[in-house]
>>> print(open('query.cif').read())   # mmCIF, C-alpha atoms (C1' of nucleotides)
data_coords
#
loop_
_atom_site.label_atom_id
_atom_site.label_comp_id
_atom_site.auth_asym_id
_atom_site.auth_seq_id
_atom_site.Cartn_x
_atom_site.Cartn_y
_atom_site.Cartn_z
CA MET A 1 206.55 -7.93 -19.72
CA GLU A 2 207.32 -7.11 -16.14
CA THR A 3 210.67 -7.18 -14.47
CA GLU A 4 209.98 -10.24 -12.36
CA GLN A 5 208.99 -12.27 -15.39
CA ALA A 6 212.03 -11.03 -17.23
CA VAL A 7 214.31 -12.12 -14.40
CA ASP A 8 212.67 -15.57 -14.44
CA ALA A 9 213.08 -15.94 -18.16
CA LEU A 10 216.67 -14.71 -18.06
CA ALA A 11 217.46 -17.12 -15.25
CA SER A 12 216.00 -19.94 -17.31
CA LEU A 13 218.34 -19.18 -20.17
CA ALA A 14 221.35 -18.41 -17.98
CA GLN A 15 222.33 -22.02 -17.66
CA GLU A 16 224.32 -24.02 -20.16
CA HIS A 17 221.97 -27.00 -20.35
CA ARG A 18 218.82 -24.93 -20.43
CA LEU A 19 220.13 -22.63 -23.12
CA SER A 20 221.04 -25.72 -25.16
CA ILE A 21 217.61 -27.19 -24.60
CA PHE A 22 215.97 -24.00 -25.73
CA ARG A 23 218.13 -23.74 -28.82
CA LEU A 24 217.34 -27.33 -29.73
CA LEU A 25 213.64 -26.66 -29.37
CA VAL A 26 213.85 -23.53 -31.48
CA GLN A 27 215.59 -25.54 -34.19
CA ALA A 28 213.02 -28.29 -33.87
CA GLY A 29 210.23 -25.83 -34.62
CA LYS A 30 206.56 -26.55 -34.08
CA GLU A 31 207.14 -30.28 -34.19
CA GLY A 32 208.91 -29.97 -30.90
CA LEU A 33 211.02 -32.68 -29.33
CA ALA A 34 210.36 -35.47 -26.86
CA ALA A 35 212.16 -35.29 -23.54
CA GLY A 36 213.99 -38.47 -24.45
CA ALA A 37 215.24 -37.02 -27.72
CA ILE A 38 216.60 -34.01 -25.88
CA ALA A 39 218.25 -36.19 -23.26
CA GLU A 40 219.90 -38.24 -25.95
CA ARG A 41 221.28 -35.25 -27.82
CA LEU A 42 222.55 -33.45 -24.75
CA GLY A 43 223.73 -36.45 -22.77
CA VAL A 44 222.03 -35.24 -19.61
CA PRO A 45 220.59 -37.83 -17.21
CA PRO A 46 216.77 -37.99 -17.25
CA SER A 47 216.15 -36.57 -13.80
CA SER A 48 218.50 -33.66 -14.39
CA LEU A 49 216.92 -32.94 -17.72
CA SER A 50 213.50 -33.03 -16.18
CA PHE A 51 214.60 -30.45 -13.64
CA HIS A 52 215.69 -28.07 -16.39
CA LEU A 53 212.63 -28.67 -18.52
CA ALA A 54 210.45 -27.86 -15.53
CA HIS A 55 212.42 -24.67 -14.98
CA LEU A 56 211.94 -23.55 -18.57
CA THR A 57 208.28 -24.50 -18.46
CA ARG A 58 207.68 -22.56 -15.23
CA SER A 59 209.16 -19.45 -16.78
CA GLY A 60 206.95 -19.88 -19.84
CA LEU A 61 209.70 -20.20 -22.42
CA ILE A 62 208.68 -23.70 -23.43
CA SER A 63 205.49 -25.70 -23.34
CA GLN A 64 204.69 -29.32 -22.73
CA GLU A 65 202.22 -31.61 -24.43
CA ARG A 66 201.68 -35.26 -23.71
CA GLN A 67 201.56 -37.50 -26.76
CA SER A 68 200.74 -40.95 -25.46
CA ARG A 69 203.79 -42.04 -23.52
CA THR A 70 206.10 -39.26 -24.54
CA LEU A 71 206.09 -35.64 -23.53
CA ILE A 72 206.70 -33.21 -26.35
CA TYR A 73 208.34 -29.91 -25.56
CA ARG A 74 208.19 -26.85 -27.77
CA ALA A 75 209.80 -23.44 -27.68
CA ASP A 76 207.32 -20.65 -27.02
CA TYR A 77 208.33 -18.05 -29.55
CA ALA A 78 205.92 -15.45 -28.24
CA ALA A 79 207.47 -15.64 -24.79
CA MET A 80 210.94 -15.36 -26.23
CA ASN A 81 209.92 -12.38 -28.31
CA GLN A 82 208.48 -10.72 -25.25
CA LEU A 83 211.75 -11.23 -23.44
CA VAL A 84 213.75 -9.78 -26.30
CA ALA A 85 211.34 -6.88 -26.54
CA TYR A 86 211.78 -6.22 -22.83
CA LEU A 87 215.54 -6.22 -23.20
CA LEU A 88 215.43 -3.92 -26.20
CA GLU A 89 213.15 -1.47 -24.47
CA ASN A 90 215.52 -1.44 -21.53
CA CYS A 91 218.67 -1.29 -23.57
CA CYS A 92 217.68 1.20 -26.21
CA ALA A 93 216.33 4.15 -24.26
CA GLY A 94 217.17 6.48 -27.12
CA ASN A 95 220.54 4.94 -27.85
CA ALA A 96 221.95 2.87 -30.68
CA CYS A 97 219.85 -0.23 -30.90
CA ALA A 98 220.23 -3.86 -31.80
CA VAL A 99 217.12 -3.71 -33.94
CA ASP A 100 218.65 -1.46 -36.57
CA LEU A 101 221.77 -3.58 -36.54
CA LEU A 102 219.84 -6.78 -37.08
CA VAL A 103 217.54 -5.39 -39.70
CA SER A 104 220.51 -4.17 -41.70
CA GLN A 105 222.10 -7.60 -41.34
CA GLY A 106 218.94 -9.19 -42.63
CA ALA A 107 218.68 -11.33 -39.52
CA CYS A 108 215.47 -13.27 -39.05
CA LYS A 109 214.44 -13.82 -42.66
CA MET B 1 228.89 -14.08 -29.53
CA GLU B 2 229.56 -17.52 -28.19
CA THR B 3 227.32 -19.54 -25.96
CA GLU B 4 229.53 -19.27 -22.91
CA GLN B 5 229.57 -15.48 -23.11
CA ALA B 6 225.83 -15.46 -23.64
CA VAL B 7 225.29 -17.56 -20.52
CA ASP B 8 227.50 -15.18 -18.54
CA ALA B 9 225.66 -12.13 -19.77
CA LEU B 10 222.27 -13.73 -19.16
CA ALA B 11 223.32 -14.72 -15.65
CA SER B 12 224.36 -11.15 -15.02
CA LEU B 13 220.94 -9.88 -15.92
CA ALA B 14 219.06 -12.72 -14.24
CA GLN B 15 219.14 -11.11 -10.85
CA GLU B 16 216.81 -8.44 -9.60
CA HIS B 17 219.46 -6.04 -8.33
CA ARG B 18 221.71 -6.45 -11.32
CA LEU B 19 218.90 -5.99 -13.80
CA SER B 20 217.93 -2.82 -11.93
CA ILE B 21 221.50 -1.60 -11.98
CA PHE B 22 221.74 -2.20 -15.69
CA ARG B 23 218.48 -0.43 -16.38
CA LEU B 24 219.58 2.55 -14.31
CA LEU B 25 222.83 2.73 -16.24
CA VAL B 26 221.04 2.50 -19.57
CA GLN B 27 218.81 5.39 -18.51
CA ALA B 28 221.82 7.34 -17.30
CA GLY B 29 223.40 7.14 -20.74
CA LYS B 30 227.01 7.96 -21.48
CA GLU B 31 227.29 10.08 -18.38
CA GLY B 32 227.08 6.92 -16.37
CA LEU B 33 226.51 6.78 -12.64
CA ALA B 34 228.79 6.61 -9.63
CA ALA B 35 228.59 3.49 -7.47
CA GLY B 36 227.34 5.64 -4.64
CA ALA B 37 224.52 7.08 -6.70
CA ILE B 38 223.41 3.58 -7.65
CA ALA B 39 223.59 2.40 -4.05
CA GLU B 40 221.46 5.32 -2.96
CA ARG B 41 218.78 4.75 -5.58
CA LEU B 42 218.55 1.03 -5.03
CA GLY B 43 219.08 0.94 -1.29
CA VAL B 44 221.60 -1.85 -1.53
CA PRO B 45 224.50 -1.90 0.96
CA PRO B 46 227.83 -0.90 -0.58
CA SER B 47 229.54 -4.26 -0.36
CA SER B 48 226.57 -6.05 -1.90
CA LEU B 49 226.37 -3.49 -4.64
CA SER B 50 230.04 -3.87 -5.34
CA PHE B 51 229.56 -7.60 -5.71
CA HIS B 52 226.89 -7.07 -8.36
CA LEU B 53 228.80 -4.36 -10.17
CA ALA B 54 231.79 -6.68 -10.36
CA HIS B 55 229.56 -9.40 -11.77
CA LEU B 56 228.20 -7.14 -14.49
CA THR B 57 231.68 -5.84 -15.25
CA ARG B 58 233.12 -9.34 -15.55
CA SER B 59 230.47 -10.28 -18.05
CA GLY B 60 231.21 -7.14 -20.06
CA LEU B 61 227.78 -5.55 -19.82
CA ILE B 62 229.03 -2.50 -17.98
CA SER B 63 232.33 -0.67 -17.73
CA GLN B 64 234.11 1.14 -14.97
CA GLU B 65 236.06 4.37 -15.00
CA ARG B 66 237.67 6.08 -12.05
CA GLN B 67 236.96 9.80 -11.74
CA SER B 68 238.99 10.96 -8.82
CA ARG B 69 237.43 9.40 -5.76
CA THR B 70 234.34 8.00 -7.43
CA LEU B 71 233.98 5.09 -9.79
CA ILE B 72 231.69 5.77 -12.70
CA TYR B 73 229.85 2.84 -14.23
CA ARG B 74 228.34 2.83 -17.69
CA ALA B 75 226.18 0.42 -19.63
CA ASP B 76 227.99 -1.16 -22.56
CA TYR B 77 225.43 -0.91 -25.32
CA ALA B 78 227.51 -2.89 -27.78
CA ALA B 79 227.68 -5.83 -25.40
CA MET B 80 223.95 -5.67 -24.81
CA ASN B 81 223.28 -5.53 -28.52
CA GLN B 82 225.47 -8.56 -29.04
CA LEU B 83 223.49 -10.43 -26.43
CA VAL B 84 220.19 -9.49 -28.01
CA ALA B 85 221.55 -10.42 -31.41
CA TYR B 86 222.57 -13.82 -30.04
CA LEU B 87 219.12 -14.38 -28.63
CA LEU B 88 217.42 -13.33 -31.83
CA GLU B 89 219.60 -15.59 -33.93
CA ASN B 90 218.75 -18.45 -31.61
CA CYS B 91 215.07 -17.64 -31.34
CA CYS B 92 214.25 -16.77 -34.91
CA ALA B 93 215.52 -19.71 -36.90
CA GLY B 94 213.05 -18.94 -39.66
CA ASN B 95 210.13 -18.23 -37.36
CA ALA B 96 208.20 -15.12 -36.41
CA CYS B 97 210.67 -12.72 -34.98
CA ALA B 98 210.80 -9.99 -32.38
CA VAL B 99 212.61 -7.70 -34.77
CA ASP B 100 209.64 -7.25 -37.07
CA LEU B 101 207.40 -6.79 -34.10
CA LEU B 102 209.59 -4.09 -32.64
CA VAL B 103 210.21 -2.29 -35.90
CA SER B 104 206.49 -2.10 -36.51
CA GLN B 105 206.02 -0.78 -32.99
CA GLY B 106 208.62 1.85 -33.68
CA ALA B 107 210.73 0.70 -30.76
CA CYS B 108 214.18 2.19 -30.51
CA LYS B 109 213.65 5.28 -32.57
"C1'" DA C 1 251.06 13.77 7.44
"C1'" DC C 2 246.39 13.26 8.48
"C1'" DC C 3 241.53 12.84 8.07
"C1'" DA C 4 237.34 12.22 5.37
"C1'" DT C 5 235.16 10.17 1.44
"C1'" DA C 6 234.10 6.64 -2.08
"C1'" DT C 7 234.47 2.18 -2.96
"C1'" DT C 8 236.35 -2.37 -2.91
"C1'" DT C 9 238.00 -6.73 -0.95
"C1'" DC C 10 237.79 -10.03 2.69
"C1'" DT C 11 235.34 -13.24 5.38
"C1'" DA C 12 231.75 -15.76 7.11
"C1'" DT C 13 227.12 -17.23 6.57
"C1'" DA C 14 222.74 -17.93 4.48
"C1'" DA C 15 220.09 -18.98 0.54
"C1'" DT C 16 219.46 -20.83 -3.80
"C1'" DT C 17 220.35 -23.92 -7.50
"C1'" DA C 18 222.23 -28.11 -9.80
"C1'" DT C 19 223.07 -33.01 -9.89
"C1'" DC C 20 221.45 -37.59 -10.23
"C1'" DG C 21 220.08 -42.26 -8.34
"C1'" DA C 22 215.99 -44.49 -6.91
"C1'" DA C 23 211.21 -44.77 -6.61
"C1'" DA C 24 206.80 -43.48 -8.49
"C1'" DC C 25 203.52 -42.37 -12.23
"C1'" DG C 26 201.01 -42.58 -16.61
"C1'" DT C 27 200.44 -45.03 -20.86
"C1'" DC C 28 200.52 -48.64 -24.09
"C1'" DG C 29 200.57 -53.43 -25.89
"C1'" DA C 30 200.11 -58.37 -24.99
"C1'" DT D 1 196.39 -57.31 -15.52
"C1'" DC D 2 201.07 -57.35 -16.18
"C1'" DG D 3 205.37 -55.78 -17.87
"C1'" DA D 4 207.96 -52.44 -20.45
"C1'" DC D 5 208.73 -47.72 -21.68
"C1'" DG D 6 209.11 -42.70 -21.18
"C1'" DT D 7 209.25 -39.45 -17.98
"C1'" DT D 8 208.70 -37.14 -13.59
"C1'" DT D 9 209.08 -36.57 -8.59
"C1'" DC D 10 211.52 -37.42 -4.37
"C1'" DG D 11 215.38 -36.97 -1.54
"C1'" DA D 12 219.91 -36.33 -0.32
"C1'" DT D 13 224.16 -33.95 -1.45
"C1'" DA D 14 227.27 -30.89 -3.76
"C1'" DA D 15 228.12 -26.59 -5.87
"C1'" DT D 16 227.26 -21.98 -6.66
"C1'" DT D 17 225.65 -17.48 -5.62
"C1'" DA D 18 223.96 -13.69 -2.61
"C1'" DT D 19 224.27 -10.95 1.59
"C1'" DA D 20 226.44 -7.67 4.39
"C1'" DG D 21 229.62 -6.21 8.23
"C1'" DA D 22 234.33 -5.09 8.94
"C1'" DA D 23 238.79 -4.10 7.26
"C1'" DA D 24 241.53 -2.43 3.49
"C1'" DT D 25 242.55 0.64 -0.57
"C1'" DA D 26 242.64 4.81 -3.33
"C1'" DT D 27 242.06 9.68 -3.72
"C1'" DG D 28 241.70 14.42 -2.51
"C1'" DG D 29 241.59 18.31 0.69
"C1'" DT D 30 243.68 20.69 4.76
#
>>> encode(input="query.cif", output="structure tokens")
Amino acid sequence: METEQAVDALASLAQEHRLSIFRLLVQAGKEGLAAGAIAERLGVPPSSLSFHLAHLTRSGLISQERQSRTLIYRADYAAMNQLVAYLLENCCAGNACAVDLLVSQGACK
Amino acid sequence: METEQAVDALASLAQEHRLSIFRLLVQAGKEGLAAGAIAERLGVPPSSLSFHLAHLTRSGLISQERQSRTLIYRADYAAMNQLVAYLLENCCAGNACAVDLLVSQGACK
DNA sequence: ACCATATTTCTATAATTATCGAAACGTCGA
DNA sequence: TCGACGTTTCGATAATTATAGAAATATGGT
């Protein structure tokens, strides 16, 4: 992952509503969630939500699929993993590293 | 790490100059770098640089120590690891995870 | 005390981003 | 084909963030 992409992805997550959206979608898993369902849970007006969904989509962290009248959004785990990998590469540089910490904590399974 | 802190840290990194600063400081290690040295390498005017350093400091990702006339900045690895841990907890949720990927790649030692 | 150096804070301005109502668009069912 | 539904796009405005010169602060050397 290149720096510009990383900045885009970070900017997508660096906003309360968008981070909440992303977390919801991660929880929702491969089923994903309709825009309306997200709006309902977060209490964000439709046009504002749409703005944030578009932001996340542009940066590649989520994807969109039309299912008849509703639009289903899903977290893109690969993109998120790439972002985390980028951060780890740029934060480890031979120093103590989050990976060891997380593995020892049994995070992620 | 709480969501508000995570948003702050993400916002700190979601800016070209600040991400560059952070990467430089990670590379520099515990020695750290003086503000002037950073300014020189990045070609950012002093007052702008100061603005970004303050931003990173506020969010806890870097620390400041005065050494006579110069101010030394250092990356705070613990803070960065906490951020990455937050992201992994919120991106894994039982799914394929960056940690395994990175361990198998031998990232971070 | 004074001057030079390193850096910040102040201040104003420009640029970007967020908010959200209203209008438009795509899709379905009658 | 018409109306209802789910959602986006448009457009105008508010809020936040970035930029950088100039002035101020802190420190050390003479």
>>> interface_residues(input="query.cif", of="chain C", to="chain A", cutoff="12 Å", atoms="all atoms listed in the file", output="PyMOL selection string")
chain C and resi 17-23+25-28
>>> resolve_selection(input="query.cif", expression="the PyMOL selection byres ((chain D) within 8 of (chain A))", output="list in words")
DC5, DG6, DT7 and DT8 of chain D
>>> residues_around(input="query.cif", residues="B:Gly29", least_positions_apart="3", cutoff="8 Å", atoms="only C-alpha atoms (C1' of nucleotides)", output="VMD selection string")
(chain A and resid 95) or (chain B and resid 25 to 26 32 74 to 75)
>>> atom_distance(input="query.cif", atom1="atom CA of A:Ile62", atom2="atom CA of B:Arg58")
29.4 Å
>>> residues_around(input="query.cif", residues="D:DA22", least_positions_apart="6", cutoff="12 Å", atoms="only C-alpha atoms (C1' of nucleotides)", output="list in words")
Ser47 of chain B; DT9, DC10, DT11 and DA12 of chain C
>>> residues_around(input="query.cif", residues="A:Glu4", least_positions_apart="2", cutoff="12 Å", atoms="all atoms listed in the file", output="list in words")
Met1, Glu2, Ala6, Val7, Asp8, Ala9, Leu10, Ala11, Ser59, Leu83 and Tyr86 of chain A; Leu13, Ala14, Gln15, Glu16, His17, Leu19 and Ser20 of chain B
>>> write_last_selection(input="query.cif", atoms="C-alpha atoms", output="JSON list (two decimals), in the coordinates of the input")
[["chain", "number", "residue", "atom", "x", "y", "z"],
["A", 1, "MET", "CA", 206.55, -7.93, -19.72],
["A", 2, "GLU", "CA", 207.32, -7.11, -16.14],
["A", 6, "ALA", "CA", 212.03, -11.03, -17.23],
["A", 7, "VAL", "CA", 214.31, -12.12, -14.40],
["A", 8, "ASP", "CA", 212.67, -15.57, -14.44],
["A", 9, "ALA", "CA", 213.08, -15.94, -18.16],
["A", 10, "LEU", "CA", 216.67, -14.71, -18.06],
["A", 11, "ALA", "CA", 217.46, -17.12, -15.25],
["A", 59, "SER", "CA", 209.16, -19.45, -16.78],
["A", 83, "LEU", "CA", 211.75, -11.23, -23.44],
["A", 86, "TYR", "CA", 211.78, -6.22, -22.83],
["B", 13, "LEU", "CA", 220.94, -9.88, -15.92],
["B", 14, "ALA", "CA", 219.06, -12.72, -14.24],
["B", 15, "GLN", "CA", 219.14, -11.11, -10.85],
["B", 16, "GLU", "CA", 216.81, -8.44, -9.60],
["B", 17, "HIS", "CA", 219.46, -6.04, -8.33],
["B", 19, "LEU", "CA", 218.90, -5.99, -13.80],
["B", 20, "SER", "CA", 217.93, -2.82, -11.93]]
>>> axis_aligned_box(input="query.cif", around="stretch 21-29 of chain B", padding_each_side="4 Å", output="lines of an AutoDock Vina configuration file")
center_x = 220.9
center_y = 2.6
center_z = -16.4
size_x = 12.9
size_y = 17.5
size_z = 16.8
>>> atom_distance(input="query.cif", atom1="atom CA of B:Arg66", atom2="atom C1' of D:DT17")
27.2 Å
>>> closest_residue(input="query.cif", among="A:Ile21, A:Gln27, A:Gln5, A:His55", to="chain B", atoms="only C-alpha atoms")
A:Gln27
>>> atom_distance(input="query.cif", atom1="atom CA of B:Asn81", atom2="atom C1' of D:DA18")
27.2 Å
>>> resolve_selection(input="query.cif", expression="the PyMOL selection byres ((chain C and resi 30) around 12)", output="PyMOL selection string")
(chain C and resi 28-29) or (chain D and resi 1-4)
